[in-house]
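Have a look at work.cif; it's mmCIF, C-alpha atoms:
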data_protein
loop_
_atom_site.label_atom_id
_atom_site.label_comp_id
_atom_site.auth_asym_id
_atom_site.auth_seq_id
_atom_site.Cartn_x
_atom_site.Cartn_y
_atom_site.Cartn_z
CA MET A 1 40.23 30.10 -95.01
CA HIS A 2 38.48 28.05 -97.70
CA ASP A 3 36.17 29.86 -100.11
CA ALA A 4 32.65 29.89 -98.59
CA SER A 5 31.08 29.55 -102.02
CA THR A 6 32.23 25.93 -102.25
CA ALA A 7 30.90 24.92 -98.78
CA ILE A 8 27.80 22.64 -98.66
CA SER A 9 24.91 22.76 -96.23
CA VAL A 10 24.36 20.34 -93.40
CA THR A 11 21.25 19.00 -95.13
CA ALA A 12 23.21 18.36 -98.32
CA LEU A 13 25.85 16.47 -96.34
CA ASN A 14 23.28 14.32 -94.55
CA GLU A 15 21.48 13.57 -97.82
CA TYR A 16 24.79 12.57 -99.39
CA VAL A 17 25.59 10.23 -96.52
CA LYS A 18 22.09 8.75 -96.80
CA LYS A 19 22.62 8.02 -100.50
CA LEU A 20 25.96 6.39 -99.72
CA LEU A 21 24.40 4.12 -97.09
CA GLU A 22 21.42 3.18 -99.22
CA GLY A 23 23.66 2.54 -102.21
CA ASP A 24 25.74 -0.04 -100.35
CA THR A 25 24.31 -3.49 -101.22
CA HIS A 26 25.67 -4.93 -97.97
CA LEU A 27 23.54 -2.49 -95.98
CA CYS A 28 20.31 -2.84 -97.96
CA ASP A 29 19.42 -6.21 -96.41
CA ILE A 30 21.38 -6.90 -93.26
CA TYR A 31 20.96 -9.03 -90.13
CA ILE A 32 22.09 -7.63 -86.78
CA LYS A 33 21.85 -9.15 -83.31
CA GLY A 34 21.96 -7.40 -79.97
CA GLU A 35 20.01 -6.34 -76.89
CA ILE A 36 16.98 -4.06 -76.99
CA SER A 37 17.10 -0.91 -74.88
CA ASN A 38 15.08 2.31 -74.62
CA PHE A 39 12.11 0.57 -76.20
CA LYS A 40 9.07 2.77 -76.93
CA ASN A 41 5.78 1.53 -78.33
CA HIS A 42 4.18 4.49 -80.09
CA TYR A 43 0.58 3.32 -79.58
CA SER A 44 -1.05 6.06 -81.64
CA THR A 45 0.90 5.08 -84.76
CA GLY A 46 1.84 1.48 -84.02
CA HIS A 47 5.55 2.16 -84.65
CA TYR A 48 8.36 0.77 -82.43
CA TYR A 49 11.38 2.93 -81.57
CA PHE A 50 14.37 1.47 -79.72
CA SER A 51 18.11 0.99 -79.61
CA LEU A 52 20.10 -2.19 -80.30
CA LYS A 53 23.30 -2.55 -78.34
CA ASP A 54 26.13 -4.94 -77.53
CA ASP A 55 28.93 -4.62 -75.03
CA THR A 56 30.57 -1.60 -76.66
CA SER A 57 28.26 -0.03 -79.27
CA VAL A 58 24.69 1.03 -79.92
CA ILE A 59 22.56 1.79 -82.99
CA LYS A 60 19.16 3.42 -83.25
CA ALA A 61 16.32 1.35 -84.72
CA VAL A 62 12.78 1.89 -85.90
CA MET A 63 10.14 -0.67 -86.87
CA PHE A 64 7.11 0.77 -88.59
CA ARG A 65 3.59 -0.47 -87.98
CA SER A 66 3.39 -2.48 -91.22
CA ALA A 67 6.20 -4.71 -89.96
CA ALA A 68 5.49 -4.48 -86.21
CA SER A 69 1.91 -5.73 -86.61
CA LYS A 70 3.23 -9.05 -87.93
CA LEU A 71 5.17 -9.86 -84.75
CA GLN A 72 3.82 -12.63 -82.54
CA PHE A 73 5.34 -11.00 -79.44
CA ILE A 74 5.94 -7.54 -78.00
CA PRO A 75 9.60 -6.50 -77.75
CA GLU A 76 10.90 -5.63 -74.28
CA ASN A 77 13.99 -3.97 -72.85
CA GLY A 78 16.78 -6.49 -72.26
CA MET A 79 15.46 -8.94 -74.86
CA LEU A 80 18.11 -10.46 -77.14
CA VAL A 81 16.94 -10.34 -80.75
CA ILE A 82 18.06 -10.72 -84.36
CA LEU A 83 16.93 -7.89 -86.62
CA ARG A 84 16.62 -7.81 -90.39
CA GLY A 85 16.43 -4.50 -92.18
CA ARG A 86 18.24 -1.78 -94.08
CA ILE A 87 20.66 0.88 -92.93
CA SER A 88 19.85 4.48 -93.78
CA ALA A 89 20.27 7.98 -92.39
CA PHE A 90 17.70 10.33 -90.93
CA VAL A 91 18.55 13.58 -92.68
CA ARG A 92 17.09 15.91 -90.05
CA ASP A 93 19.19 14.52 -87.18
CA GLY A 94 22.21 13.45 -89.20
CA GLN A 95 22.01 10.03 -87.56
CA TYR A 96 22.07 6.69 -89.27
CA GLN A 97 19.82 3.84 -88.04
CA ILE A 98 18.39 0.52 -89.02
CA TYR A 99 14.86 0.33 -90.41
CA VAL A 100 13.66 -3.08 -89.18
CA THR A 101 11.47 -5.31 -91.35
CA GLU A 102 11.71 -8.53 -89.31
CA MET A 103 12.57 -9.44 -85.71
CA GLU A 104 13.18 -12.80 -84.07
CA PRO A 105 14.21 -13.61 -80.50
CA ASP A 106 17.80 -14.74 -80.26
CA GLY A 107 17.69 -18.28 -78.82
CA VAL A 108 13.95 -18.45 -77.95
CA GLY A 109 11.06 -18.72 -80.42
CA SER A 110 8.76 -15.76 -80.93
CA LEU A 111 5.66 -17.88 -80.24
CA TYR A 112 7.05 -18.97 -76.90
CA ILE A 113 7.78 -15.35 -75.92
CA ALA A 114 4.30 -14.29 -76.99
CA TYR A 115 2.86 -17.16 -74.93
CA GLU A 116 4.80 -16.15 -71.81
CA GLN A 117 3.89 -12.47 -72.21
CA LEU A 118 0.16 -13.20 -72.54
CA LYS A 119 0.32 -15.65 -69.65
CA ARG A 120 1.86 -13.00 -67.36
CA LYS A 121 -0.67 -10.39 -68.49
CA LEU A 122 -3.79 -12.51 -67.89
CA GLU A 123 -2.45 -13.92 -64.63
CA ALA A 124 -1.88 -10.37 -63.35
CA GLU A 125 -5.52 -9.57 -64.22
CA GLY A 126 -6.69 -12.51 -62.10
CA LEU A 127 -8.11 -14.64 -64.94
CA PHE A 128 -6.27 -17.72 -63.62
CA ALA A 129 -7.37 -17.29 -59.99
CA ASP A 130 -9.05 -20.29 -58.37
CA ASP A 131 -11.72 -18.17 -56.67
CA ARG A 132 -13.26 -17.17 -60.03
CA LYS A 133 -13.46 -20.73 -61.39
CA LYS A 134 -16.90 -22.34 -61.51
CA PRO A 135 -17.48 -25.86 -60.13
CA ILE A 136 -18.12 -28.69 -62.59
CA PRO A 137 -21.65 -30.12 -62.12
CA LYS A 138 -21.61 -33.57 -60.52
CA ILE A 139 -24.30 -35.12 -62.74
CA PRO A 140 -24.73 -33.12 -65.96
CA SER A 141 -27.49 -34.14 -68.35
CA ARG A 142 -26.05 -32.20 -71.33
CA VAL A 143 -22.41 -32.00 -72.42
CA GLY A 144 -21.27 -29.51 -75.07
CA VAL A 145 -18.13 -30.34 -77.04
CA ILE A 146 -16.19 -27.80 -79.12
CA THR A 147 -13.57 -29.48 -81.30
CA SER A 148 -12.89 -30.76 -84.78
CA ALA A 149 -15.72 -32.96 -86.06
CA THR A 150 -13.26 -35.34 -87.73
CA GLY A 151 -10.42 -35.60 -85.21
CA ALA A 152 -9.68 -38.33 -82.71
CA ALA A 153 -10.54 -36.02 -79.82
CA VAL A 154 -14.28 -35.97 -80.55
CA ARG A 155 -14.39 -39.77 -80.89
CA ASP A 156 -12.59 -40.21 -77.57
CA ILE A 157 -14.98 -37.82 -75.80
CA ILE A 158 -18.10 -39.46 -77.23
CA ASN A 159 -16.85 -42.98 -76.47
CA VAL A 160 -15.82 -42.23 -72.88
CA THR A 161 -19.03 -40.30 -72.16
CA GLY A 162 -21.21 -43.08 -73.58
CA ARG A 163 -19.37 -45.72 -71.58
CA ARG A 164 -19.36 -43.84 -68.28
CA PHE A 165 -22.70 -42.04 -68.36
CA PRO A 166 -24.91 -42.91 -71.37
CA PHE A 167 -27.76 -40.79 -69.93
CA ALA A 168 -25.94 -37.55 -70.84
CA GLU A 169 -26.79 -35.87 -74.14
CA VAL A 170 -23.61 -34.93 -76.05
CA THR A 171 -23.79 -31.99 -78.48
CA VAL A 172 -20.77 -31.43 -80.73
CA TYR A 173 -20.07 -28.00 -82.16
CA PRO A 174 -17.68 -28.61 -85.09
CA ALA A 175 -14.90 -26.04 -85.01
CA LEU A 176 -11.55 -25.35 -86.58
CA VAL A 177 -8.78 -26.15 -84.10
CA GLN A 178 -5.76 -24.75 -85.94
CA GLY A 179 -4.85 -22.37 -88.71
CA GLU A 180 -6.57 -19.24 -89.92
CA GLY A 181 -10.10 -18.79 -88.58
CA ALA A 182 -9.63 -21.28 -85.73
CA VAL A 183 -9.90 -18.66 -82.97
CA ALA A 184 -13.12 -17.19 -84.35
CA SER A 185 -14.58 -20.69 -84.81
CA LEU A 186 -13.82 -21.72 -81.23
CA ILE A 187 -15.26 -18.48 -79.87
CA LYS A 188 -18.48 -19.00 -81.85
CA GLY A 189 -18.81 -22.45 -80.28
CA LEU A 190 -18.59 -20.99 -76.76
CA GLU A 191 -21.07 -18.26 -77.63
CA TYR A 192 -23.49 -20.82 -79.11
CA PHE A 193 -23.71 -22.91 -75.95
CA ASN A 194 -23.95 -19.84 -73.70
CA ASN A 195 -26.59 -18.11 -75.81
CA THR A 196 -28.76 -21.23 -76.16
CA SER A 197 -28.13 -22.61 -72.63
CA SER A 198 -27.94 -26.02 -74.27
CA ALA A 199 -25.18 -27.50 -72.09
CA ASP A 200 -24.47 -27.98 -68.40
CA VAL A 201 -20.72 -28.24 -69.02
CA ILE A 202 -18.51 -27.48 -72.04
CA ILE A 203 -15.42 -29.39 -73.21
CA ILE A 204 -13.14 -27.43 -75.56
CA GLY A 205 -10.01 -29.00 -76.99
CA ARG A 206 -8.11 -31.02 -79.54
CA GLY A 207 -5.30 -33.56 -79.72
CA GLY A 208 -1.67 -32.75 -79.13
CA GLY A 209 0.74 -31.02 -81.48
CA SER A 210 3.47 -28.44 -81.75
CA ILE A 211 3.14 -24.95 -80.32
CA GLU A 212 2.20 -23.78 -83.82
CA ASP A 213 -0.57 -26.40 -84.02
CA LEU A 214 -1.96 -25.42 -80.62
CA TRP A 215 -1.56 -21.68 -81.13
CA ALA A 216 -5.29 -20.96 -81.53
CA PHE A 217 -5.76 -22.04 -77.89
CA ASN A 218 -3.27 -19.35 -76.81
CA SER A 219 -5.49 -16.57 -78.13
CA GLU A 220 -6.27 -13.70 -75.76
CA LEU A 221 -9.77 -13.32 -77.24
CA LEU A 222 -10.51 -17.01 -76.69
CA ALA A 223 -9.18 -16.82 -73.12
CA ARG A 224 -11.43 -13.86 -72.28
CA THR A 225 -14.44 -15.59 -73.85
CA ILE A 226 -13.84 -18.64 -71.65
CA ALA A 227 -13.47 -16.40 -68.59
CA VAL A 228 -16.94 -14.83 -69.07
CA SER A 229 -18.71 -18.09 -69.92
CA THR A 230 -21.67 -18.73 -67.61
CA ILE A 231 -21.30 -22.48 -68.27
CA PRO A 232 -18.31 -24.27 -66.68
CA VAL A 233 -15.57 -25.00 -69.22
CA ILE A 234 -13.15 -27.95 -69.25
CA SER A 235 -10.03 -27.42 -71.36
CA ALA A 236 -8.59 -30.52 -73.04
CA VAL A 237 -5.83 -29.26 -75.31
CA GLY A 238 -2.90 -31.46 -76.26
CA HIS A 239 -1.24 -34.11 -74.18
CA GLU A 240 -0.25 -34.18 -70.52
CA THR A 241 2.90 -32.06 -70.99
CA ASP A 242 1.27 -29.40 -73.18
CA PHE A 243 -0.21 -26.34 -71.46
CA THR A 244 -2.01 -23.52 -73.25
CA ILE A 245 -3.54 -20.23 -72.11
CA CYS A 246 -6.91 -21.95 -72.51
CA ASP A 247 -5.87 -24.53 -69.87
CA PHE A 248 -5.07 -21.83 -67.32
CA VAL A 249 -8.25 -19.77 -67.73
CA ALA A 250 -10.69 -22.71 -67.96
CA ASP A 251 -12.60 -23.85 -64.88
CA LYS A 252 -10.89 -27.25 -65.10
CA ARG A 253 -7.92 -28.51 -67.08
CA ALA A 254 -7.77 -32.05 -68.44
CA PRO A 255 -4.54 -33.51 -69.85
CA THR A 256 -6.36 -35.26 -72.72
CA PRO A 257 -9.82 -35.22 -74.34
CA SER A 258 -10.56 -38.64 -72.82
CA ALA A 259 -9.67 -37.33 -69.36
CA ALA A 260 -11.95 -34.34 -69.96
CA ALA A 261 -14.89 -36.68 -70.60
CA GLU A 262 -14.08 -38.54 -67.37
CA ILE A 263 -14.12 -35.23 -65.48
CA ALA A 264 -17.32 -34.03 -67.16
CA VAL A 265 -19.55 -37.02 -66.40
CA PRO A 266 -19.69 -39.50 -63.50
CA ASP A 267 -19.21 -43.26 -63.85
CA THR A 268 -22.61 -44.98 -63.86
CA GLU A 269 -21.33 -48.05 -62.03
CA GLU A 270 -19.72 -45.89 -59.37
CA LEU A 271 -22.97 -43.93 -59.03
CA LYS A 272 -24.89 -47.18 -58.57
CA ARG A 273 -22.49 -48.27 -55.83
CA LYS A 274 -22.81 -44.91 -54.09
CA ILE A 275 -26.61 -44.97 -54.33
CA THR A 276 -26.68 -48.56 -53.04
CA ASN A 277 -24.47 -47.60 -50.10
CA ILE A 278 -26.68 -44.60 -49.34
CA ILE A 279 -29.81 -46.78 -49.40
CA LYS A 280 -28.15 -49.30 -47.07
CA ARG A 281 -27.08 -46.58 -44.62
CA GLU A 282 -30.50 -44.93 -44.67
CA SER A 283 -32.23 -48.32 -44.22
CA ALA A 284 -30.00 -49.13 -41.26
CA LEU A 285 -30.68 -45.74 -39.66
CA LEU A 286 -34.42 -46.11 -40.25
CA SER A 287 -34.42 -49.60 -38.74
CA GLN A 288 -32.60 -48.28 -35.66
CA ARG A 289 -35.15 -45.50 -35.26
CA ILE A 290 -38.04 -47.97 -35.61
CA ILE A 291 -36.52 -50.30 -32.99
CA ALA A 292 -35.91 -47.37 -30.62
CA GLY A 293 -39.49 -46.13 -31.19
CA ARG A 294 -40.96 -49.54 -30.46
CA ALA A 295 -38.94 -49.82 -27.25
CA MET A 296 -40.20 -46.39 -26.17
CA VAL A 297 -43.82 -47.34 -26.87
CA GLU A 298 -43.37 -50.55 -24.89
CA ARG A 299 -41.96 -48.64 -21.91
CA PHE A 300 -44.86 -46.20 -22.03
CA SER A 301 -47.42 -49.00 -22.29
CA LYS A 302 -46.08 -50.55 -19.08
CA SER A 303 -45.97 -47.26 -17.21
CA ARG A 304 -48.44 -46.63 -14.34
CA ALA A 305 -49.80 -43.54 -16.14
CA LEU A 306 -51.23 -45.73 -18.91
CA SER A 307 -51.93 -48.94 -17.01
CA ASP A 308 -53.80 -47.25 -14.08
CA PRO A 309 -54.65 -43.61 -14.90
CA LYS A 310 -57.02 -43.30 -11.85
CA ASN A 311 -54.04 -43.50 -9.48
CA GLN A 312 -52.41 -40.69 -11.40
CA ILE A 313 -55.56 -38.58 -11.04
CA ASP A 314 -55.76 -39.30 -7.29
CA ASP A 315 -52.12 -38.35 -6.86
CA ARG A 316 -52.71 -35.10 -8.70
CA ARG A 317 -55.87 -34.42 -6.63
CA MET A 318 -53.95 -34.94 -3.35
CA GLY A 319 -51.21 -32.65 -4.56
CA LEU A 320 -53.79 -30.03 -5.50
CA MET A 321 -55.43 -30.24 -2.06
CA SER A 322 -52.06 -29.87 -0.36
CA LEU A 323 -51.31 -26.79 -2.39
CA SER A 324 -54.78 -25.39 -1.59
CA ASP A 325 -54.21 -25.82 2.17
CA LYS A 326 -50.85 -24.13 1.93
CA LEU A 327 -52.40 -21.25 0.02
CA ILE A 328 -55.19 -20.76 2.61
CA SER A 329 -52.71 -20.86 5.49
CA ALA A 330 -50.40 -18.39 3.82
CA THR A 331 -53.34 -16.10 3.07
CA GLU A 332 -54.53 -16.13 6.68
CA ILE A 333 -51.06 -15.32 7.97
CA LYS A 334 -50.77 -12.48 5.50
CA CYS A 335 -54.17 -11.10 6.53
CA LYS A 336 -53.20 -11.13 10.23
CA GLU A 337 -50.04 -9.24 9.43
CA LYS A 338 -51.99 -6.66 7.46
CA ARG A 339 -54.63 -6.26 10.24
CA SER A 340 -51.93 -5.66 12.82
CA THR A 341 -50.27 -3.06 10.59
CA LEU A 342 -53.65 -1.44 9.96
CA ALA A 343 -54.40 -1.18 13.71
CA VAL A 344 -51.07 0.51 14.36
CA ASN A 345 -51.60 2.99 11.55
CA ALA A 346 -55.22 3.63 12.72
CA GLY A 347 -53.96 4.49 16.19
CA LYS A 348 -51.48 6.94 14.73
CA LEU A 349 -54.18 8.55 12.63
CA SER A 350 -56.56 8.73 15.64
CA ALA A 351 -53.98 10.64 17.62
CA LEU A 352 -53.80 13.15 14.82
CA ASP A 353 -57.60 13.41 14.41
CA PRO A 354 -58.79 16.98 15.32
CA MET A 355 -62.18 15.64 16.43
CA ALA A 356 -60.45 13.70 19.18
CA VAL A 357 -59.02 16.96 20.47
CA LEU A 358 -62.52 18.50 20.49
CA ALA A 359 -63.79 15.57 22.52
CA ARG A 360 -61.44 16.57 25.31
CA GLY A 361 -63.21 19.95 25.79
CA TYR A 362 -61.58 22.04 23.14
CA GLY A 363 -63.26 23.91 20.30
CA ALA A 364 -62.40 25.46 16.96
CA VAL A 365 -63.46 29.05 16.10
CA TYR A 366 -64.27 30.11 12.48
CA ASP A 367 -64.83 33.60 11.07
CA THR A 368 -67.68 34.54 8.74
CA ASP A 369 -65.66 33.23 5.75
CA GLY A 370 -65.31 29.85 7.37
CA GLU A 371 -61.60 30.32 8.04
CA ILE A 372 -60.18 29.29 11.45
CA LEU A 373 -59.37 32.17 13.75
CA LYS A 374 -55.84 31.62 14.93
CA SER A 375 -55.27 35.04 16.57
CA THR A 376 -57.31 37.76 18.36
CA LYS A 377 -55.82 40.18 15.91
CA ASN A 378 -58.06 38.75 13.20
CA ALA A 379 -61.29 39.40 15.19
CA ARG A 380 -63.30 42.61 15.64
CA ILE A 381 -66.04 43.61 18.12
CA GLY A 382 -69.37 42.68 16.61
CA ASP A 383 -67.99 39.95 14.23
CA ARG A 384 -70.14 36.87 13.84
CA ILE A 385 -68.18 33.70 14.64
CA THR A 386 -68.88 30.00 14.72
CA MET A 387 -67.51 27.56 17.29
CA ARG A 388 -67.21 23.86 16.51
CA LEU A 389 -67.47 21.54 19.51
CA SER A 390 -67.26 17.76 19.63
CA ASP A 391 -71.03 17.36 19.24
CA GLY A 392 -72.01 20.31 17.05
CA MET A 393 -71.69 24.02 16.15
CA ILE A 394 -72.49 27.27 18.16
CA GLY A 395 -73.06 30.69 16.61
CA ALA A 396 -71.84 33.72 18.59
CA GLU A 397 -70.93 37.42 18.36
CA VAL A 398 -67.67 38.96 19.51
CA ARG A 399 -68.47 41.30 22.43
CA GLU A 400 -65.05 41.67 23.95
CA ILE A 401 -61.43 40.83 22.96
CA TYR A 402 -58.77 39.82 25.51
CA PRO A 403 -55.40 39.69 23.76
CA ASN A 404 -53.53 38.23 26.74
CA GLU A 405 -54.67 35.93 29.47
CA GLY A 406 -53.68 38.54 32.12
CA ASP A 407 -56.06 41.10 30.66
CA MET A 408 -59.18 38.91 31.09
CA LYS A 409 -61.75 40.46 33.44
CA SER A 410 -63.10 38.51 36.33
#
Please rewrite the model in this file as structure tokens.
Amino acid sequence: MHDASTAISVTALNEYVKKLLEGDTHLCDIYIKGEISNFKNHYSTGHYYFSLKDDTSVIKAVMFRSAASKLQFIPENGMLVILRGRISAFVRDGQYQIYVTEMEPDGVGSLYIAYEQLKRKLEAEGLFADDRKKPIPKIPSRVGVITSATGAAVRDIINVTGRRFPFAEVTVYPALVQGEGAVASLIKGLEYFNNTSSADVIIIGRGGGSIEDLWAFNSELLARTIAVSTIPVISAVGHETDFTICDFVADKRAPTPSAAAEIAVPDTEELKRKITNIIKRESALLSQRIIAGRAMVERFSKSRALSDPKNQIDDRRMGLMSLSDKLISATEIKCKEKRSTLAVNAGKLSALDPMAVLARGYGAVYDTDGEILKSTKNARIGDRITMRLSDGMIGAEVREIYPNEGDMKS
């Protein structure tokens, strides 16, 4: 067994390996290409941690915030990239890795990847949806233009607007359209028109160019500012084949600045033709209504009701008399029916009338309380009673009581 006094610690070994790696000039500034995997965006620090792999090997990688913040795109798993950095060892884990200072997509430009990533993000949020887009006013009186004050785009917009609809007031907000400060300048233009309500429609744009030239119009901040604009926005960025994020989020996309002006304002001559056609159609309809009205008046003037109103009155009087006769006849018939019914009911009531019974020789006997005596059991010798006959009342005194007919004395 080797002498333990000569053994080194793990930390010492890892630090030695680190010095070896960092002392190799080939590893101090190296380019490596491969596929990203296990990517983690450490949002609290801004650092990127991931692995770079090929078909048979893998190496750990870290990109600190100072370098990561300069990227135009966000790395993703499966993305092929070329890394630049230095190889060193992490003493604690005894693992060597590449510390990345630069990153470029392998085969596709970083700006294009950033464009596609932002496009997917905003589309998923619904900023490109048709149902949130505002309609362009048909006849605007004020047009706001946000573009370079010296470029060809502003001249094209002013010329086309003046030729098509000279009645519209064009207000140009001079803005930077590329380079540093362009995004902030364009956003200020949108905020100006919205805060002052000085435009009915806004045109924002510039002439064509490379993706680098148009990059300000791919800004997420600019896209969100367009989305919340209360004034409809027409995007006119680049030529027909160039699309930017601004084009997708705007309420209307125009392939060129000249086309944007044609969309923003109507053609005066076309308006005149439309107005003339409307006047002709309305005049024709009005003439038809006048002719129809005259024909109706003529028919009424020849009618008997207007030419001889007395006959109409006589006809109405005869009709009224006929209705009166029918009413009297119906009333008499109804009265006869009611009288007949009344006579029948009167006969029934007469048969039930107790006075009719008294008229046949019967009488009703009442005690001193005025209650009818219905039984001999309710009478006593000496009680005062009253007898009602058909023609009056008789007072009497009970002298004798005969409960049954057989007990009556002769």
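Note that CA of Val183 (chain A) and CA of Ile234 (chain A) are 16.9 Å apart.
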inquiry  = Show me, as a list of chain:residue names, the residues that have an atom within 8 Å of region 50-60 of chain A when counting only C-alpha atoms, minus same-chain residues fewer than 3 positions from it.
reply    = A:Lys33, A:Gly34, A:Glu35, A:Ile36, A:Ser37, A:Asn38, A:Phe39, A:Lys40, A:Tyr96, A:Gln97, A:Ile98
task = May I have the residues within 10 Å of Thr225 (chain A) as JSON, numbers by chain, using all atoms listed in the file and disregarding those fewer than 4 positions away in the same chain?
result = {"A": [186, 187, 188, 190, 191, 219, 220, 221, 229, 246, 249, 250]}
Keeping C-alpha atoms, export the residues of the selection given above as an mmCIF file, in the coordinates of the input.
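Generated output (part_7.cif):
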data_model
loop_
_atom_site.group_PDB
_atom_site.id
_atom_site.type_symbol
_atom_site.label_atom_id
_atom_site.label_comp_id
_atom_site.auth_asym_id
_atom_site.auth_seq_id
_atom_site.Cartn_x
_atom_site.Cartn_y
_atom_site.Cartn_z
ATOM 1 C CA LEU A 186 -13.820 -21.720 -81.230
ATOM 2 C CA ILE A 187 -15.260 -18.480 -79.870
ATOM 3 C CA LYS A 188 -18.480 -19.000 -81.850
ATOM 4 C CA LEU A 190 -18.590 -20.990 -76.760
ATOM 5 C CA GLU A 191 -21.070 -18.260 -77.630
ATOM 6 C CA SER A 219 -5.490 -16.570 -78.130
ATOM 7 C CA GLU A 220 -6.270 -13.700 -75.760
ATOM 8 C CA LEU A 221 -9.770 -13.320 -77.240
ATOM 9 C CA SER A 229 -18.710 -18.090 -69.920
ATOM 10 C CA CYS A 246 -6.910 -21.950 -72.510
ATOM 11 C CA VAL A 249 -8.250 -19.770 -67.730
ATOM 12 C CA ALA A 250 -10.690 -22.710 -67.960
#
Among A:Arg339, A:Arg86, A:Arg142, A:Lys334, Ser198 (chain A) is approached most closely, using only C-alpha atoms, by A:Arg142
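Here the question is which of A:Phe73, A:Tyr43, A:Phe248, A:Tyr99 gets nearest to Leu127 (chain A) using only C-alpha atoms, and that residue is A:Phe248.
When all atoms listed in the file are used to measure the gap to Ala223 (chain A), the shortest distance among A:Glu262, A:Glu123, A:Glu282, A:Glu337 belongs to A:Glu123.
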From the list A:Thr230, A:Ser88, A:Thr171, A:Ser141, the nearest residue to His26 (chain A) using only C-alpha atoms is A:Ser88
Computed gap from CA of Ser350 (chain A) to CA of Ile394 (chain A) is 24.6 Å
Correct to one decimal, the distance CA of Thr101 (chain A)-CA of Leu27 (chain A) is 13.2 Å
Calculate, to one decimal in Å, the centre and edge lengths of the box along x, y and z of the file that holds all listed atoms of region 334-347 of chain A with 5 Å of margin on each side, and present them as lines of an AutoDock Vina configuration file.
center_x = -52.6
center_y = -4.0
center_z = 10.8
size_x = 15.2
size_y = 27.0
size_z = 20.7
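Proximity to Arg384 (chain A) at 12 Å, evaluated using all atoms listed in the file and with sequence-adjacent residues fewer than 6 positions away removed, yields Val365, Tyr366, Asp367, Thr368, Asp369, Gly370, Leu373, Ile394, Gly395, Ala396, Glu397, Val398 and Arg399 of chain A.
Only residues having an atom at most 10 Å from (-15.8, -37.2, -76.2) are included; using all atoms listed in the file, these are A:Val143, A:Gly144, A:Val145, A:Ile146, A:Thr147, A:Ala152, A:Ala153, A:Val154, A:Arg155, A:Asp156, A:Ile157, A:Ile158, A:Asn159, A:Val160, A:Thr161, A:Gly162, A:Val170, A:Thr171, A:Val172, A:Ile203, A:Pro257, A:Ser258, A:Ala259, A:Ala260, A:Ala261, A:Glu262, A:Ala264.
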Given the file above and the PyMOL selection byres ((chain A and resi 178) around 12), which residues are selected, and can you give them as a PyMOL selection string?
chain A and resi 147-148+151+175-177+179-186+205-219+237
Same residues, C-alpha atoms, saved as a CSV table (one decimal), keeping the file's coordinate frame:
chain,number,residue,atom,x,y,z
A,147,THR,CA,-13.6,-29.5,-81.3
A,148,SER,CA,-12.9,-30.8,-84.8
A,151,GLY,CA,-10.4,-35.6,-85.2
A,175,ALA,CA,-14.9,-26.0,-85.0
A,176,LEU,CA,-11.6,-25.4,-86.6
A,177,VAL,CA,-8.8,-26.2,-84.1
A,179,GLY,CA,-4.8,-22.4,-88.7
A,180,GLU,CA,-6.6,-19.2,-89.9
A,181,GLY,CA,-10.1,-18.8,-88.6
A,182,ALA,CA,-9.6,-21.3,-85.7
A,183,VAL,CA,-9.9,-18.7,-83.0
A,184,ALA,CA,-13.1,-17.2,-84.4
A,185,SER,CA,-14.6,-20.7,-84.8
A,186,LEU,CA,-13.8,-21.7,-81.2
A,205,GLY,CA,-10.0,-29.0,-77.0
A,206,ARG,CA,-8.1,-31.0,-79.5
A,207,GLY,CA,-5.3,-33.6,-79.7
A,208,GLY,CA,-1.7,-32.8,-79.1
A,209,GLY,CA,0.7,-31.0,-81.5
A,210,SER,CA,3.5,-28.4,-81.8
A,211,ILE,CA,3.1,-25.0,-80.3
A,212,GLU,CA,2.2,-23.8,-83.8
A,213,ASP,CA,-0.6,-26.4,-84.0
A,214,LEU,CA,-2.0,-25.4,-80.6
A,215,TRP,CA,-1.6,-21.7,-81.1
A,216,ALA,CA,-5.3,-21.0,-81.5
A,217,PHE,CA,-5.8,-22.0,-77.9
A,218,ASN,CA,-3.3,-19.4,-76.8
A,219,SER,CA,-5.5,-16.6,-78.1
A,237,VAL,CA,-5.8,-29.3,-75.3
